[in-house]
Amino acid sequence: MTDPVPTTCMRCAVGCGLIQRGVDIGYGIDTVRGNANHPVNRGMACQRGVSETADPDGEWLTRPMVRRDGELQKTTWDTALFEAQRGLGAAMDADPDAVAVLGSGQQTNEAAYALGKLARGGVGTRYYDANTTLCMASAVTAYYDAFGSDAPPPTYEDIPEADGHVVWGANPAVAHPVMCRWITSSAEDGDLIVVDPVETKTARAADHHVAVDPGGDLDLARAVLAHVVATDGVDEAFVDRATTGFDDLVAGLPDAETAAERAGVSMADVERLAETLSTDTLIYWGMGVNQSVQGTDTAGALIDLCLATGNLGPGSGPFSLTGQANSMGTRVCSSKGTWPGHRDFEDPDERATVADAWDVPVDRLPDDAGPGPVGIVDAIDDGPVEAVYAVATNPVAGMPDATDIADRLDDAFLVVQDAFRTETVEHADVVLPAATWGESNGTAMNMERTVSRVRPASDLPRGVRTDLGIITTLGNVLVDGLFDPTADPAAVFDEFASLTAGTDADCSGISHDRLDEELAVRWPAPDADTSAGYRYHEADGDWSFPTPSGRARFSGGTGRPLPEATDDDYPLVLTTAREADGYNTGVRSRSSPAEPGTLVARIHPATVEAHRSAVEPNEADELHACVESRRGRAVARVVVDDAIPTGMVWLPIHHPATNDLTHPATDPRSDEPNFKQCAVRLVAPSAAAETPAFERERPPQHP
């Protein structure tokens, strides 16, 4: 029997420690269980994390491929790397911005750091994204607005200390099961409120469910703040001592009743939220807040509630829930929106520091972070992008208005690096098969800033290489000497960590050796003895923020209309969300891109009855309907579900057909797409082929 190998689960961003054993013969994982010694989860683990680590579904990539005569054909690594270098290099020689790079929160920190170094320091392109713009960019922008730096102030240790828990636009029972267990356990002696249009699994476990209208979150947050102000619920001592901008915000607040009406909730709901915030309360939020043209403003408004009520200290505060397993790592490591360690991207001194560390000309580094992924793909059509390198990401299924995304990628030279065959692989010119997490060596960061080790329990199949190995090899072919060809993951981590010294996200006291001994360390960790706790709260009870004034800042966001209102032609609202067994775009939880499984639409019984002519039974007597937006259509099995509000269609975010329908509008400050609301209609499947063709002209990105 093989020896047990401690590692970190990479299914979601909780960051649970696992123990895995490799198979005795061949390649793969035999058994997986929670690690009782790991300080994050103390042995707890969800079944999905265990099963998708041990035996993920999906069609594994085992050999490099290149496109010949319109078909992907297996080839050697030398040939695949030559073709990748030829296509990417030709574009790079013409213009650094002719190359776009798309990364992911599925990589280790070491691979994410190396990919950012290649994109920014090797190629020098503006057109690079690490996938966090699709899920966390609005929360990141709001954190910077309020505190002058990224990442949540609280940690998991604050959850049992909190009296109140408000889960807003998130469903941790499905997305983060272990963390949800901590929340519900803490709430047994306190209060748990869930704010969501849908009666989610988390909402059913709550003490109170606030069924806000789709897109009404900002209005609701402002209604609660207005009520707090009107009822003398403001922690004036904290506001006066530690914040700025409160009076300006209050001057522009609507009255609570008007804002509550716009949000579609009662004043009783507003009062219940305000009452909970009068105790030590954590506000958690997720994609239901972030993935909106109002995402930054709404996240900022939730932080405002914490600031106004003094909920910024141990056992309280604003806690954004990260989606992808290493989304936090890509934010800190990958040079997407900031340089490593959250160094200011546009600061010339910081650019010089990074260029010197990488030994590249400072004028090669772009002086702005570029657009998000929607803008990157737009640049294939109306900008400079001619070649795309996509690593551990599936934009053809995961980005809004996905049919248009696929069409545009077909117009570029596309290199795809992944462990599984995805929808994006089908459009590639070169395919590079990469290791998955049970075969990888490195580190990951969870949503509470904790770094822990990812270790392989299986050798690599002969035709597969690690993400880090592929990136550094291809990088050195494109840019001679960019990477040390002998550098292992520990050395790459040390290079990254040294660049963070003295920053707000200081990881310089962390190393693979330290993690091998301690298992997990939370940054800021400026020395080998420190593992940080709550941010911004000093030992003497005072607060300190990395803002020019040293104070936290209230936001003033007032929002903007949703990009697409319902009307007579498209009378229903589409929302998207996670389902229990889905994994991102489904690459580890379905057999192959050719067999994505049945798309399921959850619809309230009254809505089904109102659109009965569009809902037809199939041969198995299951109800089906065609869901249509102005961008595409998808036939779905209809599940009648009174947890969904009337007038709404719920589709799983993981199914590759869902994003054929969604709108590409983005938040004007964070560039995060508005995945959660667009206008749709139901059409009988038998009649769908007879409906007029959709216009393919892309709607504006910023409404």
# chains A, B, ... in the order shown; residues from 1 in each chain; ligands from 1
>>> select_by_dssp(residues="stretch 143-328 of chain A", states="helix (DSSP H, G or I)", output="PyMOL selection string")
chain A and resi 143-147+156-158+172-175+177-187+201-204+217-230+236-242+246-251+256-263+267-277+287-290+295-308+327-328
>>> residues_around(residues="stretch 76-79 of chain A", least_positions_apart="4", cutoff="9 Å", atoms="only C-alpha atoms", output="JSON, numbers by chain")
{"A": [63, 64, 65, 66, 83, 84, 432, 463]}
>>> residues_around(residues="A:Val683", least_positions_apart="4", cutoff="8 Å", atoms="only C-alpha atoms", output="PyMOL selection string")
chain A and resi 613-615+625-628+687-688
>>> write_last_selection(atoms="C-alpha atoms", output="JSON list (two decimals), in the first residue's frame")
[["chain", "number", "residue", "atom", "x", "y", "z"],
["A", 613, "SER", "CA", -48.27, 26.31, -23.94],
["A", 614, "ALA", "CA", -44.45, 26.38, -23.94],
["A", 615, "VAL", "CA", -44.00, 23.38, -21.63],
["A", 625, "ALA", "CA", -39.27, 23.88, -22.54],
["A", 626, "CYS", "CA", -36.92, 25.93, -24.67],
["A", 627, "VAL", "CA", -35.44, 28.85, -22.73],
["A", 628, "GLU", "CA", -34.64, 31.73, -25.07],
["A", 687, "ALA", "CA", -41.71, 25.37, -32.04],
["A", 688, "ALA", "CA", -38.25, 26.65, -31.13]]
>>> atom_distance(atom1="atom CA of A:Val198", atom2="atom CA of A:Ala636")
19.0 Å
>>> closest_residue(among="A:Gly541, A:Gly103, A:Gly375, A:Pro456", to="A:Pro314", atoms="only C-alpha atoms")
A:Gly541
>>> atom_distance(atom1="atom CA of A:Val362", atom2="atom CA of A:Asp347")
12.0 Å
>>> residues_around(residues="A:Tyr570", least_positions_apart="3", cutoff="9 Å", atoms="only C-alpha atoms", output="VMD selection string")
chain A and resid 565 to 567 573 628 to 630 679 to 682
>>> residues_around(residues="A:Arg408", least_positions_apart="6", cutoff="9 Å", atoms="only C-alpha atoms", output="PyMOL selection string")
chain A and resi 377-378+380-381
>>> write_last_selection(atoms="all heavy atoms", output="compact mmCIF listing (two decimals), in the first residue's frame")
# COMPACT_ATOMS: atom_id res chain seq x y z
N VAL A 377 -11.83 38.99 -24.99
CA VAL A 377 -12.37 38.29 -26.15
C VAL A 377 -12.91 39.29 -27.17
O VAL A 377 -12.80 39.07 -28.39
CB VAL A 377 -13.44 37.28 -25.71
CG1 VAL A 377 -14.07 36.60 -26.92
CG2 VAL A 377 -12.82 36.23 -24.80
N ASP A 378 -13.47 40.40 -26.71
CA ASP A 378 -13.88 41.45 -27.65
C ASP A 378 -12.70 41.93 -28.48
O ASP A 378 -12.86 42.29 -29.66
CB ASP A 378 -14.47 42.64 -26.89
CG ASP A 378 -15.90 42.40 -26.44
OD1 ASP A 378 -16.50 41.40 -26.87
OD2 ASP A 378 -16.41 43.20 -25.63
N ILE A 380 -10.39 40.31 -29.76
CA ILE A 380 -10.11 39.46 -30.92
C ILE A 380 -10.80 40.03 -32.15
O ILE A 380 -10.27 40.02 -33.26
CB ILE A 380 -10.59 38.02 -30.67
CG1 ILE A 380 -9.82 37.40 -29.51
CG2 ILE A 380 -10.42 37.16 -31.92
CD1 ILE A 380 -10.35 36.04 -29.07
N ASP A 381 -11.99 40.59 -31.93
CA ASP A 381 -12.79 41.09 -33.04
C ASP A 381 -12.45 42.53 -33.40
O ASP A 381 -12.30 42.87 -34.57
CB ASP A 381 -14.27 40.98 -32.67
CG ASP A 381 -15.19 41.36 -33.82
OD1 ASP A 381 -15.04 40.77 -34.91
OD2 ASP A 381 -16.04 42.25 -33.63
>>> select_by_dssp(residues="stretch 353-526 of chain A", states="strand (DSSP E or B)", output="VMD selection string")
chain A and resid 387 to 391 413 to 418 420 430 to 434 442 to 445 450 to 454 465 520 to 522
>>> residues_around(residues="stretch 674-678 of chain A", least_positions_apart="4", cutoff="6 Å", atoms="only C-alpha atoms", output="ChimeraX atom specification")
/A:291-293,564,573-576,662,665-666
>>> write_last_selection(atoms="C-alpha atoms", output="CSV table (one decimal), in the first residue's frame")
chain,number,residue,atom,x,y,z
A,291,GLN,CA,-21.8,38.9,-10.7
A,292,SER,CA,-23.8,42.1,-11.5
A,293,VAL,CA,-23.4,45.5,-13.1
A,564,GLU,CA,-31.8,44.0,-19.7
A,573,VAL,CA,-35.9,36.7,-15.5
A,574,LEU,CA,-33.1,34.2,-15.8
A,575,THR,CA,-30.8,33.6,-12.9
A,576,THR,CA,-27.8,31.2,-12.7
A,662,THR,CA,-26.5,35.3,-20.4
A,665,ALA,CA,-22.7,43.5,-19.7
A,666,THR,CA,-20.1,44.1,-17.0
>>> residues_around(residues="A:Pro254", least_positions_apart="6", cutoff="8 Å", atoms="only C-alpha atoms", output="JSON, numbers by chain")
{"A": [222, 223, 226]}
>>> closest_residue(among="A:Met447, A:Leu305, A:Leu115, A:Ala594", to="A:Val40", atoms="only C-alpha atoms")
A:Met447
